[in-house]
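Below is run.txt, holding compact mmCIF, C-alpha atoms and all ligand atoms.
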# COMPACT_ATOMS: atom_id res chain seq x y z
CA MET A 2 46.35 -14.01 20.10
CA ALA A 3 49.83 -12.48 19.93
CA LYS A 4 52.59 -14.54 21.55
CA LEU A 5 54.54 -13.20 24.49
CA LYS A 6 58.14 -12.77 23.37
CA GLY A 7 61.30 -12.60 25.44
CA HIS A 8 64.21 -10.26 24.78
CA ASN A 9 67.68 -11.46 23.93
CA ALA A 10 70.84 -9.37 24.29
CA ALA A 11 70.57 -7.93 20.75
CA ASP A 12 66.95 -6.83 21.40
CA ILE A 13 67.99 -5.13 24.62
CA LYS A 14 70.85 -3.30 22.89
CA ASN A 15 68.50 -2.12 20.13
CA ARG A 16 66.01 -0.92 22.72
CA ASN A 17 68.70 1.02 24.53
CA LEU A 18 69.96 2.56 21.28
CA SER A 19 66.36 3.64 20.65
CA VAL A 20 66.05 5.10 24.16
CA ILE A 21 69.27 7.09 23.68
CA ILE A 22 68.39 8.44 20.23
CA ARG A 23 64.86 9.41 21.31
CA THR A 24 66.20 11.12 24.44
CA ILE A 25 68.66 13.12 22.32
CA LYS A 26 65.83 14.06 19.93
CA LYS A 27 63.65 15.26 22.80
CA ALA A 28 66.44 17.27 24.45
CA GLU A 29 67.84 18.54 21.13
CA MET A 30 71.27 18.93 22.82
CA ILE A 31 72.44 16.83 25.74
CA SER A 32 75.67 15.54 27.32
CA ARG A 33 76.53 11.90 28.02
CA THR A 34 76.23 12.47 31.79
CA GLU A 35 72.76 13.98 31.38
CA LEU A 36 71.80 11.05 29.14
CA ALA A 37 72.80 8.64 31.91
CA ASP A 38 70.74 10.65 34.44
CA GLU A 39 67.73 10.81 32.10
CA THR A 40 67.69 7.16 31.06
CA GLY A 41 68.94 5.39 34.19
CA LEU A 42 71.65 3.67 32.12
CA SER A 43 75.22 3.55 33.49
CA ASN A 44 77.86 5.99 32.20
CA PRO A 45 79.87 3.25 30.43
CA ALA A 46 76.69 1.88 28.79
CA VAL A 47 75.74 5.37 27.56
CA GLY A 48 79.29 5.85 26.26
CA ASN A 49 79.12 2.63 24.20
CA LEU A 50 75.64 3.32 22.84
CA VAL A 51 76.51 6.89 21.87
CA ALA A 52 79.69 5.65 20.17
CA GLU A 53 77.59 3.28 18.06
CA LEU A 54 75.11 6.02 17.10
CA VAL A 55 78.01 8.33 16.16
CA GLN A 56 79.50 5.51 14.11
CA LEU A 57 76.13 5.06 12.34
CA GLY A 58 76.18 8.78 11.57
CA LEU A 59 72.90 9.49 13.38
CA VAL A 60 74.40 11.48 16.28
CA ARG A 61 77.18 14.05 16.30
CA GLU A 62 79.11 16.01 18.86
CA MET A 63 78.37 19.73 19.03
CA GLY A 64 81.58 20.87 20.74
CA SER A 65 81.97 21.28 24.46
CA VAL A 66 80.63 23.53 27.20
CA ASN A 67 82.93 24.53 30.05
CA GLN A 68 81.71 23.75 33.54
CA PRO A 69 82.69 25.59 36.76
CA VAL A 70 83.93 22.31 38.27
CA GLY A 71 85.29 19.19 36.57
CA ARG A 72 85.75 18.37 32.92
CA SER A 73 83.99 20.29 30.16
CA ARG A 74 80.94 18.45 28.84
CA VAL A 75 80.47 17.57 25.20
CA LEU A 76 76.97 18.11 23.85
CA LEU A 77 75.36 15.59 21.52
CA THR A 78 72.68 16.25 18.94
CA LEU A 79 70.97 14.37 16.11
CA ASN A 80 72.68 14.59 12.75
CA ASP A 81 69.59 15.67 10.85
CA GLU A 82 71.24 15.41 7.46
CA SER A 83 72.44 11.84 8.02
CA VAL A 84 69.41 10.29 6.31
CA GLN A 85 66.89 11.15 3.61
CA VAL A 86 63.27 10.08 3.40
CA ILE A 87 60.56 10.50 0.77
CA GLY A 88 56.96 11.38 1.74
CA ILE A 89 54.15 11.00 -0.78
CA GLU A 90 50.58 12.26 -0.67
CA ILE A 91 48.17 10.60 -3.09
CA ALA A 92 45.03 12.69 -3.60
CA ARG A 93 42.05 12.20 -5.89
CA ASN A 94 43.41 14.85 -8.26
CA GLY A 95 47.17 14.36 -8.08
CA VAL A 96 50.31 13.19 -6.33
CA TYR A 97 52.68 15.34 -4.27
CA GLY A 98 56.10 14.23 -3.07
CA VAL A 99 58.64 15.70 -0.70
CA LEU A 100 62.21 14.66 0.00
CA ALA A 101 63.17 15.60 3.55
CA ASP A 102 65.85 15.11 6.19
CA MET A 103 65.43 13.73 9.71
CA LYS A 104 63.95 17.02 10.93
CA GLY A 105 61.31 17.11 8.19
CA THR A 106 63.07 19.95 6.39
CA PRO A 107 62.04 19.74 2.72
CA ILE A 108 64.99 19.25 0.36
CA ALA A 109 63.06 18.83 -2.90
CA THR A 110 59.43 18.51 -3.96
CA SER A 111 57.56 17.16 -6.98
CA GLU A 112 53.92 17.32 -8.04
CA LYS A 113 51.77 15.81 -10.80
CA SER A 114 48.07 16.38 -11.19
CA PHE A 115 45.41 14.33 -12.98
CA ALA A 116 41.69 14.63 -13.53
CA PRO A 117 39.46 13.24 -10.77
CA GLY A 118 38.18 9.81 -11.86
CA SER A 119 41.40 8.94 -13.77
CA THR A 120 42.31 5.29 -14.42
CA SER A 121 44.93 3.36 -12.46
CA ASP A 122 47.43 3.70 -15.35
CA ILE A 123 47.30 7.47 -15.02
CA VAL A 124 47.33 7.51 -11.21
CA LEU A 125 50.23 5.04 -10.92
CA GLY A 126 52.04 6.82 -13.78
CA ALA A 127 51.86 10.11 -11.84
CA LEU A 128 53.03 8.34 -8.69
CA TYR A 129 56.06 6.85 -10.49
CA GLU A 130 56.94 10.24 -12.00
CA VAL A 131 56.84 11.97 -8.62
CA ILE A 132 58.86 9.24 -6.88
CA GLY A 133 61.29 9.19 -9.83
CA GLU A 134 61.92 12.93 -9.56
CA THR A 135 62.46 12.84 -5.79
CA PHE A 136 64.70 9.79 -6.22
CA THR A 137 66.90 11.78 -8.59
CA SER A 138 67.26 14.45 -5.90
CA THR A 139 68.28 11.85 -3.27
CA LYS A 140 71.19 10.70 -5.43
CA GLN A 141 72.64 14.21 -5.44
CA ARG A 142 72.91 14.23 -1.64
CA LYS A 143 74.40 10.78 -0.96
CA ALA A 144 72.91 10.29 2.54
CA PRO A 145 71.09 6.92 2.80
CA LEU A 146 67.42 6.93 1.81
CA ILE A 147 65.56 5.14 4.61
CA GLY A 148 62.41 4.68 2.57
CA ILE A 149 59.22 5.98 1.05
CA GLY A 150 56.17 6.84 3.17
CA ILE A 151 52.78 7.21 1.50
CA GLY A 152 49.56 8.84 2.69
CA THR A 153 46.67 7.63 0.54
CA PRO A 154 42.89 7.80 0.60
CA GLY A 155 41.72 4.79 2.66
CA PRO A 156 40.65 2.30 3.72
CA VAL A 157 44.01 0.55 3.91
CA ASN A 158 45.63 -2.53 5.41
CA VAL A 159 48.67 -1.01 7.08
CA GLU A 160 50.59 -4.24 7.65
CA LYS A 161 50.19 -5.52 4.09
CA GLY A 162 50.49 -2.03 2.61
CA LYS A 163 47.32 -2.50 0.60
CA VAL A 164 44.80 0.13 -0.46
CA PHE A 165 41.25 -1.28 -0.63
CA GLU A 166 38.52 0.68 -2.40
CA PRO A 167 38.66 4.42 -1.60
CA PRO A 168 35.30 6.03 -2.48
CA ASN A 169 35.28 8.10 -5.70
CA PHE A 170 38.77 6.93 -6.66
CA PRO A 171 38.64 4.39 -9.54
CA GLY A 172 42.39 4.80 -10.12
CA LEU A 173 43.31 3.11 -6.84
CA GLN A 174 41.17 0.05 -6.11
CA ASN A 175 42.55 -3.03 -4.31
CA VAL A 176 46.17 -2.17 -4.98
CA SER A 177 49.09 -3.75 -3.07
CA LEU A 178 50.95 -0.46 -3.17
CA LYS A 179 53.72 -1.29 -0.71
CA HIS A 180 54.68 -4.38 -2.74
CA ILE A 181 54.59 -2.48 -6.06
CA ILE A 182 56.77 0.38 -4.77
CA GLU A 183 59.29 -1.87 -3.00
CA GLU A 184 59.69 -4.03 -6.14
CA ARG A 185 60.15 -1.01 -8.37
CA TYR A 186 62.48 1.13 -6.23
CA HIS A 187 64.12 -1.48 -3.93
CA ALA A 188 63.41 0.83 -1.00
CA PRO A 189 61.28 0.15 2.11
CA CYS A 190 57.76 1.53 1.75
CA TYR A 191 55.11 2.10 4.40
CA LEU A 192 51.68 3.59 3.90
CA ASN A 193 48.66 4.70 5.85
CA ASP A 194 45.38 6.53 5.42
CA ASP A 195 46.06 10.17 4.42
CA ALA A 196 44.23 11.64 7.43
CA ARG A 197 46.39 9.52 9.70
CA THR A 198 49.61 10.63 8.03
CA SER A 199 48.31 14.21 8.40
CA ALA A 200 47.81 13.54 12.12
CA LEU A 201 51.44 12.38 12.32
CA GLY A 202 52.52 15.50 10.41
CA GLU A 203 50.75 17.79 12.89
CA ALA A 204 52.12 15.80 15.84
CA TRP A 205 55.76 15.92 14.68
CA PHE A 206 56.06 19.18 12.77
CA GLY A 207 52.88 21.21 13.32
CA ALA A 208 50.41 22.23 16.03
CA GLY A 209 51.02 19.18 18.23
CA GLN A 210 54.80 19.24 18.65
CA ASP A 211 54.58 19.82 22.42
CA VAL A 212 51.92 17.17 23.20
CA SER A 213 52.08 13.38 23.23
CA SER A 214 48.42 12.72 22.37
CA LEU A 215 46.11 14.43 19.90
CA VAL A 216 43.09 13.93 17.70
CA PHE A 217 43.34 15.37 14.19
CA ILE A 218 40.19 15.91 12.14
CA SER A 219 40.34 16.94 8.48
CA LEU A 220 37.10 18.56 7.29
CA GLY A 221 37.02 18.65 3.51
CA GLU A 222 35.74 16.57 0.60
CA GLY A 223 35.51 13.75 3.14
CA ILE A 224 36.11 13.78 6.87
CA GLY A 225 39.28 11.97 7.84
CA SER A 226 40.90 11.70 11.22
CA GLY A 227 43.82 10.27 13.12
CA VAL A 228 44.39 9.60 16.79
CA ILE A 229 47.88 9.84 18.29
CA PHE A 230 48.65 8.22 21.64
CA ASP A 231 52.10 8.60 23.15
CA HIS A 232 53.39 9.97 19.80
CA HIS A 233 52.10 6.89 17.92
CA LEU A 234 49.10 6.35 15.69
CA TYR A 235 46.29 4.40 17.28
CA GLU A 236 45.16 2.03 14.52
CA GLY A 237 42.89 -0.56 16.12
CA THR A 238 42.45 -4.23 15.21
CA HIS A 239 41.31 -3.59 11.62
CA ASP A 240 42.99 -0.22 10.96
CA ILE A 241 39.75 1.68 11.43
CA ALA A 242 40.27 3.20 14.88
CA GLY A 243 39.56 6.90 15.25
CA GLN A 244 37.20 7.26 12.28
CA ILE A 245 35.56 10.39 13.64
CA GLY A 246 33.96 11.15 10.26
CA HIS A 247 31.89 8.02 10.84
CA PHE A 248 30.67 8.86 14.32
CA THR A 249 26.85 9.06 14.21
CA VAL A 250 25.72 12.64 14.86
CA GLU A 251 22.17 12.27 13.48
CA PRO A 252 20.51 8.95 14.43
CA LYS A 253 17.78 9.46 11.84
CA GLY A 254 20.20 10.55 9.15
CA ARG A 255 21.19 9.10 5.76
CA ARG A 256 23.04 5.84 5.28
CA CYS A 257 26.76 6.34 4.73
CA ASP A 258 29.15 4.42 2.42
CA CYS A 259 30.66 2.83 5.54
CA GLY A 260 27.33 1.13 6.40
CA ASN A 261 26.50 3.34 9.39
CA ILE A 262 23.68 5.91 9.58
CA GLY A 263 23.91 9.67 10.11
CA CYS A 264 27.72 9.80 10.04
CA LEU A 265 29.38 13.21 10.47
CA GLU A 266 30.71 12.84 6.91
CA THR A 267 27.15 12.59 5.51
CA LEU A 268 26.34 16.00 7.03
CA ALA A 269 29.50 18.09 7.36
CA SER A 270 31.81 17.18 4.49
CA ILE A 271 31.95 19.87 1.77
CA PRO A 272 29.75 17.84 -0.65
CA ALA A 273 27.27 17.11 2.19
CA ILE A 274 27.07 20.76 3.26
CA ALA A 275 26.60 21.80 -0.38
CA TRP A 276 23.88 19.18 -0.84
CA ARG A 277 22.06 20.40 2.29
CA ALA A 278 22.39 24.03 1.16
CA ARG A 279 21.07 23.24 -2.31
CA THR A 280 18.16 20.99 -1.24
CA SER A 281 17.02 23.42 1.46
CA GLY A 282 17.21 26.31 -1.00
CA VAL A 283 19.53 28.30 1.27
CA VAL A 284 22.03 28.76 -1.56
CA ASP A 285 20.61 29.08 -5.04
CA ALA A 286 23.50 27.60 -7.02
CA CYS A 287 22.90 24.49 -9.06
CA ASP A 288 25.55 25.12 -11.68
CA VAL A 289 28.60 25.70 -9.47
CA SER A 290 30.96 23.40 -7.57
CA ASP A 291 30.37 22.16 -4.03
CA GLY A 292 33.26 24.31 -2.83
CA THR A 293 31.67 27.42 -4.32
CA VAL A 294 28.32 26.60 -2.68
CA VAL A 295 30.05 26.34 0.70
CA LEU A 296 31.88 29.64 0.09
CA ARG A 297 28.57 31.34 -0.68
CA LEU A 298 26.99 29.74 2.40
CA VAL A 299 29.80 31.06 4.61
CA ASP A 300 29.40 34.56 3.13
CA ALA A 301 25.64 34.45 3.78
CA TYR A 302 26.31 33.15 7.32
CA HIS A 303 28.63 36.10 7.94
CA SER A 304 26.10 38.62 6.73
CA GLY A 305 23.48 37.16 9.07
CA GLU A 306 21.12 35.67 6.49
CA PRO A 307 18.73 33.59 8.69
CA GLY A 308 18.58 30.43 6.52
CA ALA A 309 22.38 30.35 6.15
CA ARG A 310 22.86 30.99 9.87
CA LYS A 311 20.59 28.06 10.75
CA LEU A 312 22.18 25.65 8.28
CA PHE A 313 25.78 26.51 9.11
CA ASP A 314 25.08 26.55 12.86
CA GLU A 315 23.61 23.05 12.52
CA THR A 316 26.75 22.00 10.63
CA LEU A 317 28.98 23.38 13.39
CA ASP A 318 26.85 21.54 15.97
CA TYR A 319 27.33 18.26 14.11
CA ILE A 320 31.08 18.87 14.19
CA VAL A 321 30.93 19.82 17.89
CA THR A 322 28.98 16.63 18.68
CA ALA A 323 31.68 14.52 17.03
CA VAL A 324 34.53 16.45 18.71
CA VAL A 325 32.92 16.00 22.15
CA SER A 326 32.53 12.26 21.48
CA ALA A 327 36.16 12.09 20.33
CA ILE A 328 37.30 13.83 23.53
CA ASN A 329 35.19 11.50 25.67
CA SER A 330 36.56 8.49 23.76
CA TYR A 331 40.25 9.32 23.58
CA ASP A 332 40.87 12.07 26.18
CA PRO A 333 43.60 13.74 24.08
CA GLU A 334 45.76 16.69 25.11
CA MET A 335 44.78 18.50 21.91
CA VAL A 336 42.26 18.46 19.06
CA VAL A 337 43.57 19.78 15.74
CA LEU A 338 41.05 20.84 13.09
CA GLY A 339 42.24 21.00 9.50
CA GLY A 340 41.08 20.54 5.93
CA ARG A 341 39.55 22.76 3.28
CA LEU A 342 36.46 23.73 5.31
CA VAL A 343 38.67 25.10 8.10
CA ARG A 344 40.83 26.94 5.56
CA THR A 345 37.67 28.41 4.01
CA TYR A 346 36.37 29.60 7.37
CA PRO A 347 39.18 29.64 10.01
CA GLU A 348 36.92 31.43 12.55
CA MET A 349 34.99 28.18 12.97
CA VAL A 350 37.77 26.79 15.20
CA ASP A 351 36.94 29.35 17.95
CA ILE A 352 33.20 28.68 17.63
CA VAL A 353 33.72 24.91 17.86
CA ARG A 354 36.02 25.38 20.88
CA ARG A 355 33.44 27.48 22.77
CA ARG A 356 30.62 25.03 22.09
CA VAL A 357 32.74 21.98 22.95
CA VAL A 358 33.81 23.56 26.27
CA ALA A 359 30.13 24.04 27.14
CA ARG A 360 29.48 20.32 26.58
CA CYS A 361 32.55 18.63 28.09
CA TYR A 362 33.21 17.42 31.61
CA TYR A 363 33.58 20.70 33.51
CA HIS A 364 36.86 19.67 35.20
CA ILE A 365 38.65 19.37 31.83
CA ALA A 366 37.18 22.49 30.23
CA ASN A 367 40.15 24.71 31.12
CA ASP A 368 42.65 22.16 29.80
CA LEU A 369 41.02 21.65 26.41
CA ARG A 370 43.16 22.73 23.50
CA ILE A 371 41.28 22.89 20.21
CA VAL A 372 43.43 24.49 17.52
CA ALA A 373 43.72 24.90 13.77
CA SER A 374 46.12 22.80 11.71
CA GLN A 375 49.48 24.56 11.21
CA LEU A 376 50.75 22.69 8.18
CA GLY A 377 48.11 23.41 5.55
CA PRO A 378 47.22 21.32 2.51
CA LYS A 379 50.46 19.30 2.23
CA THR A 380 50.34 17.87 5.76
CA SER A 381 49.87 14.29 4.60
CA ALA A 382 53.12 14.05 2.59
CA LEU A 383 55.16 15.49 5.45
CA GLY A 384 53.40 13.15 7.86
CA ALA A 385 54.14 10.19 5.61
CA ILE A 386 57.89 10.63 6.21
CA VAL A 387 57.16 10.06 9.91
CA LEU A 388 56.16 6.46 9.06
CA LEU A 389 59.88 5.95 8.32
CA LEU A 390 61.37 8.34 10.90
CA GLN A 391 59.58 6.49 13.69
CA ARG A 392 61.20 3.27 12.54
CA LEU A 393 64.58 4.98 12.52
CA LEU A 394 64.12 6.11 16.12
CA TYR A 395 62.83 2.75 17.35
CA GLU A 396 65.01 0.42 15.26
CA PRO A 397 67.96 2.53 14.12
CA VAL A 398 70.29 -0.32 13.09
CA ALA A 399 67.67 -2.31 11.13
CA THR A 400 66.31 0.84 9.44
CA LEU A 401 69.79 1.88 8.27
CA GLU A 402 70.57 -1.66 7.09
CA ALA A 403 67.46 -1.60 4.88
CA ALA A 404 68.22 1.89 3.52
CA VAL A 405 69.15 2.61 -0.09
CA ARG A 406 72.74 3.84 -0.55
CA TRP A 407 74.67 5.15 -3.51
ZN ZN A 501 30.07 6.48 7.74
So, in terms of structure tokens, how does the structure I just supplied come out?
Amino acid sequence: MAKLKGHNAADIKNRNLSVIIRTIKKAEMISRTELADETGLSNPAVGNLVAELVQLGLVREMGSVNQPVGRSRVLLTLNDESVQVIGIEIARNGVYGVLADMKGTPIATSEKSFAPGSTSDIVLGALYEVIGETFTSTKQRKAPLIGIGIGTPGPVNVEKGKVFEPPNFPGLQNVSLKHIIEERYHAPCYLNDDARTSALGEAWFGAGQDVSSLVFISLGEGIGSGVIFDHHLYEGTHDIAGQIGHFTVEPKGRRCDCGNIGCLETLASIPAIAWRARTSGVVDACDVSDGTVVLRLVDAYHSGEPGARKLFDETLDYIVTAVVSAINSYDPEMVVLGGRLVRTYPEMVDIVRRRVVARCYYHIANDLRIVASQLGPKTSALGAIVLLLQRLLYEPVATLEAAVRW
């Protein structure tokens, strides 16, 4: 059981610095007096804390606004260019990297692809190339690099920064990735499951910027998900919380890789939909990819072909069942649907919303927000930078002390 810990003076100061920087972020522009009103801290305390954040380079003054009575007030804002952060997305067919500032604005990107099923030498080689290229870009800008965030196929151990055995990914099996990257680049590294980093991306920069809790579900080759509570990822005791792809939606269904039976992923991932379409004879396409089968199924669904309508309606009902269970489990402000299936057939978001509303507690039906992902296929890399930005906002001094400088 975790020990209860007290707070010494340094802890309290760090907490207050965090409160001030997060309040400035939320307000975008705010005066010292308003900060004192917002936070309940005294004016002198706010003055000292702001001075320290200005000294660290994280906050800057925006000039002053004249008031009808009294002194003009100076507005404060975050200095978005004061730090740099690298976000990496590792996929089964390549690595994508983005160098961004505190606001998530991309400064440089890098991408290397490899064949699915590649060995660890090739996968790690691509990863080093992408990080190397983005590193070169950081040196041109001089601002401290607060670290490298990585979104990777899971399962993962977040605390140890280890990737276990992602299915269909021989190039990344039982790898202590955080340790490898920190040794090689001497920069802090944090990682998480790619669907979770995508959830963070949507929460900070995409569809969920105005909510504090959301459930993100990525419907694609697999079905990943992430749950955000109070702007933070909900990870659970063993880093498996919020695995909506492994909710049972068919009690008599097939056994899944996770050990459970009838998981959403066994019925509504792109390979699962293609398998169901092929075995039921709805789509006659043995020699084409799973993605092409699903495209043909969607076309047939649109044109009202009865077999396609039945199969795709069943698929949508499986998804609806899982979304309703997710809402009843986590009661989020918003559900964000993303991934290749949603990009293939964006209209499905409206259909899912209507069916979910018909199955949810009636008193929340009008409040339900079920929307499409706004960030597209590179959400995970952008979300991975949030793993570092959150640390900056909650522990600004320690995060800057650990940063790489030139
Ligand atoms: Zn499962």
List as a compact mmCIF listing (two decimals) with C-alpha atoms, keeping the file's coordinate frame the protein and nucleic acid residues near A:Val284, meaning an atom at most 7 Å away when only C-alpha atoms are counted, but skip any in the same chain fewer than 5 places from it.
# COMPACT_ATOMS: atom_id res chain seq x y z
CA ALA A 278 22.39 24.03 1.16
CA ARG A 279 21.07 23.24 -2.31
CA VAL A 294 28.32 26.60 -2.68
CA LEU A 298 26.99 29.74 2.40
- Task: Can you tell me which residues come within 7 Å of ligand ZN 501 (chain A) when counting all atoms listed in the file, ideally as a PyMOL selection string?
- Result: chain A and resi 246-247+257-262+264+266
- Quick one: everything within 12 Å of A:Ile241, counting all atoms listed in the file, minus sequence neighbours fewer than 5 positions away in the same chain. Send it as a ChimeraX atom specification. /A:155-159,193-194,196-197,225-228,234-236,246-248,259
- Task: Pick out the closest residue to A:Gly209 from this set: A:Val289, A:Ala301, A:Val336, A:Leu394. Count only C-alpha atoms.
- Result: A:Val336
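Nearest to A:Arg370 of all the residues A:Pro333, A:Gly384, A:Gly340, A:Pro107 is A:Pro333, counting only C-alpha atoms.
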- Message: With distances taken over all atoms listed in the file, which residue among A:Glu53, A:Glu29, A:Asp195, A:Glu35 lies nearest A:Asn17?
- Response: A:Glu53
If we count all atoms listed in the file, what is near A:Arg297 at a cut-off of 10 Å, once residues fewer than 5 positions away on the same chain are taken out, given as a PDB file with C-alpha atoms, in the coordinates of the input?
ATOM      1  CA  ALA A 275      26.600  21.800  -0.380  1.00  0.00           C
ATOM      2  CA  ALA A 278      22.390  24.030   1.160  1.00  0.00           C
ATOM      3  CA  VAL A 283      19.530  28.300   1.270  1.00  0.00           C
ATOM      4  CA  VAL A 284      22.030  28.760  -1.560  1.00  0.00           C
ATOM      5  CA  ASP A 285      20.610  29.080  -5.040  1.00  0.00           C
ATOM      6  CA  ALA A 286      23.500  27.600  -7.020  1.00  0.00           C
ATOM      7  CA  ASP A 291      30.370  22.160  -4.030  1.00  0.00           C
ATOM      8  CA  GLY A 292      33.260  24.310  -2.830  1.00  0.00           C
ATOM      9  CA  TYR A 302      26.310  33.150   7.320  1.00  0.00           C
ATOM     10  CA  HIS A 303      28.630  36.100   7.940  1.00  0.00           C
ATOM     11  CA  ALA A 309      22.380  30.350   6.150  1.00  0.00           C
TER      12      ALA A 309
END
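The interatomic distance for the pair atom CA of A:Gly126 and atom CA of A:Trp407 works out to 24.9 Å.
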- Smallest atom-to-atom distance to A:Pro167: which of A:Gly223, A:Gly202, A:Pro307, A:Gly207, using all atoms listed in the file? A:Gly223
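Between A:Val124 and the candidates A:Arg255, A:Arg93, A:Arg142, A:Arg23, the tightest atom-to-atom separation, counting only C-alpha atoms, involves A:Arg93.
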Dump all heavy atoms of stretch 358-364 of chain A from the given block, as a PDB file, in the first residue's frame.
ATOM      1  N   VAL A 358     -27.598   6.951 -27.693  1.00  0.00           N
ATOM      2  CA  VAL A 358     -28.589   7.781 -26.991  1.00  0.00           C
ATOM      3  C   VAL A 358     -29.823   6.951 -26.638  1.00  0.00           C
ATOM      4  O   VAL A 358     -30.387   7.069 -25.550  1.00  0.00           O
ATOM      5  CB  VAL A 358     -28.969   9.016 -27.855  1.00  0.00           C
ATOM      6  CG1 VAL A 358     -30.241   9.688 -27.338  1.00  0.00           C
ATOM      7  CG2 VAL A 358     -27.818  10.015 -27.884  1.00  0.00           C
ATOM      8  N   ALA A 359     -30.222   6.057 -27.541  1.00  0.00           N
ATOM      9  CA  ALA A 359     -31.410   5.232 -27.312  1.00  0.00           C
ATOM     10  C   ALA A 359     -31.181   4.172 -26.233  1.00  0.00           C
ATOM     11  O   ALA A 359     -32.139   3.563 -25.746  1.00  0.00           O
ATOM     12  CB  ALA A 359     -31.830   4.552 -28.619  1.00  0.00           C
ATOM     13  N   ARG A 360     -29.926   3.970 -25.832  1.00  0.00           N
ATOM     14  CA  ARG A 360     -29.639   2.907 -24.855  1.00  0.00           C
ATOM     15  C   ARG A 360     -29.023   3.417 -23.558  1.00  0.00           C
ATOM     16  O   ARG A 360     -28.655   2.627 -22.706  1.00  0.00           O
ATOM     17  CB  ARG A 360     -28.682   1.879 -25.492  1.00  0.00           C
ATOM     18  CG  ARG A 360     -29.370   1.012 -26.538  1.00  0.00           C
ATOM     19  CD  ARG A 360     -28.398   0.121 -27.263  1.00  0.00           C
ATOM     20  NE  ARG A 360     -27.598  -0.709 -26.382  1.00  0.00           N
ATOM     21  CZ  ARG A 360     -26.746  -1.644 -26.816  1.00  0.00           C
ATOM     22  NH1 ARG A 360     -26.608  -1.850 -28.116  1.00  0.00           N
ATOM     23  NH2 ARG A 360     -26.047  -2.361 -25.983  1.00  0.00           N
ATOM     24  N   CYS A 361     -28.873   4.738 -23.426  1.00  0.00           N
ATOM     25  CA  CYS A 361     -28.251   5.284 -22.215  1.00  0.00           C
ATOM     26  C   CYS A 361     -29.311   5.756 -21.225  1.00  0.00           C
ATOM     27  O   CYS A 361     -30.453   5.952 -21.590  1.00  0.00           O
ATOM     28  CB  CYS A 361     -27.368   6.480 -22.575  1.00  0.00           C
ATOM     29  SG  CYS A 361     -25.684   5.983 -22.839  1.00  0.00           S
ATOM     30  N   TYR A 362     -28.900   5.968 -19.985  1.00  0.00           N
ATOM     31  CA  TYR A 362     -29.800   6.580 -19.013  1.00  0.00           C
ATOM     32  C   TYR A 362     -30.436   7.815 -19.650  1.00  0.00           C
ATOM     33  O   TYR A 362     -29.718   8.666 -20.203  1.00  0.00           O
ATOM     34  CB  TYR A 362     -29.026   7.016 -17.767  1.00  0.00           C
ATOM     35  CG  TYR A 362     -28.742   5.901 -16.797  1.00  0.00           C
ATOM     36  CD1 TYR A 362     -27.462   5.360 -16.685  1.00  0.00           C
ATOM     37  CD2 TYR A 362     -29.758   5.395 -16.000  1.00  0.00           C
ATOM     38  CE1 TYR A 362     -27.206   4.331 -15.777  1.00  0.00           C
ATOM     39  CE2 TYR A 362     -29.510   4.374 -15.092  1.00  0.00           C
ATOM     40  CZ  TYR A 362     -28.230   3.850 -14.991  1.00  0.00           C
ATOM     41  OH  TYR A 362     -27.992   2.842 -14.107  1.00  0.00           O
ATOM     42  N   TYR A 363     -31.776   7.899 -19.570  1.00  0.00           N
ATOM     43  CA  TYR A 363     -32.453   8.964 -20.338  1.00  0.00           C
ATOM     44  C   TYR A 363     -32.046  10.360 -19.871  1.00  0.00           C
ATOM     45  O   TYR A 363     -31.994  11.296 -20.647  1.00  0.00           O
ATOM     46  CB  TYR A 363     -33.985   8.787 -20.271  1.00  0.00           C
ATOM     47  CG  TYR A 363     -34.583   9.103 -18.933  1.00  0.00           C
ATOM     48  CD1 TYR A 363     -35.045  10.381 -18.639  1.00  0.00           C
ATOM     49  CD2 TYR A 363     -34.693   8.125 -17.940  1.00  0.00           C
ATOM     50  CE1 TYR A 363     -35.580  10.678 -17.407  1.00  0.00           C
ATOM     51  CE2 TYR A 363     -35.211   8.416 -16.708  1.00  0.00           C
ATOM     52  CZ  TYR A 363     -35.657   9.685 -16.434  1.00  0.00           C
ATOM     53  OH  TYR A 363     -36.168   9.988 -15.218  1.00  0.00           O
ATOM     54  N   HIS A 364     -31.690  10.497 -18.552  1.00  0.00           N
ATOM     55  CA  HIS A 364     -31.389  11.851 -18.063  1.00  0.00           C
ATOM     56  C   HIS A 364     -30.024  12.360 -18.535  1.00  0.00           C
ATOM     57  O   HIS A 364     -29.719  13.536 -18.352  1.00  0.00           O
ATOM     58  CB  HIS A 364     -31.492  11.925 -16.534  1.00  0.00           C
ATOM     59  CG  HIS A 364     -30.466  11.126 -15.802  1.00  0.00           C
ATOM     60  ND1 HIS A 364     -30.556   9.765 -15.628  1.00  0.00           N
ATOM     61  CD2 HIS A 364     -29.321  11.510 -15.206  1.00  0.00           C
ATOM     62  CE1 HIS A 364     -29.507   9.353 -14.942  1.00  0.00           C
ATOM     63  NE2 HIS A 364     -28.731  10.371 -14.680  1.00  0.00           N
TER      64      HIS A 364
END
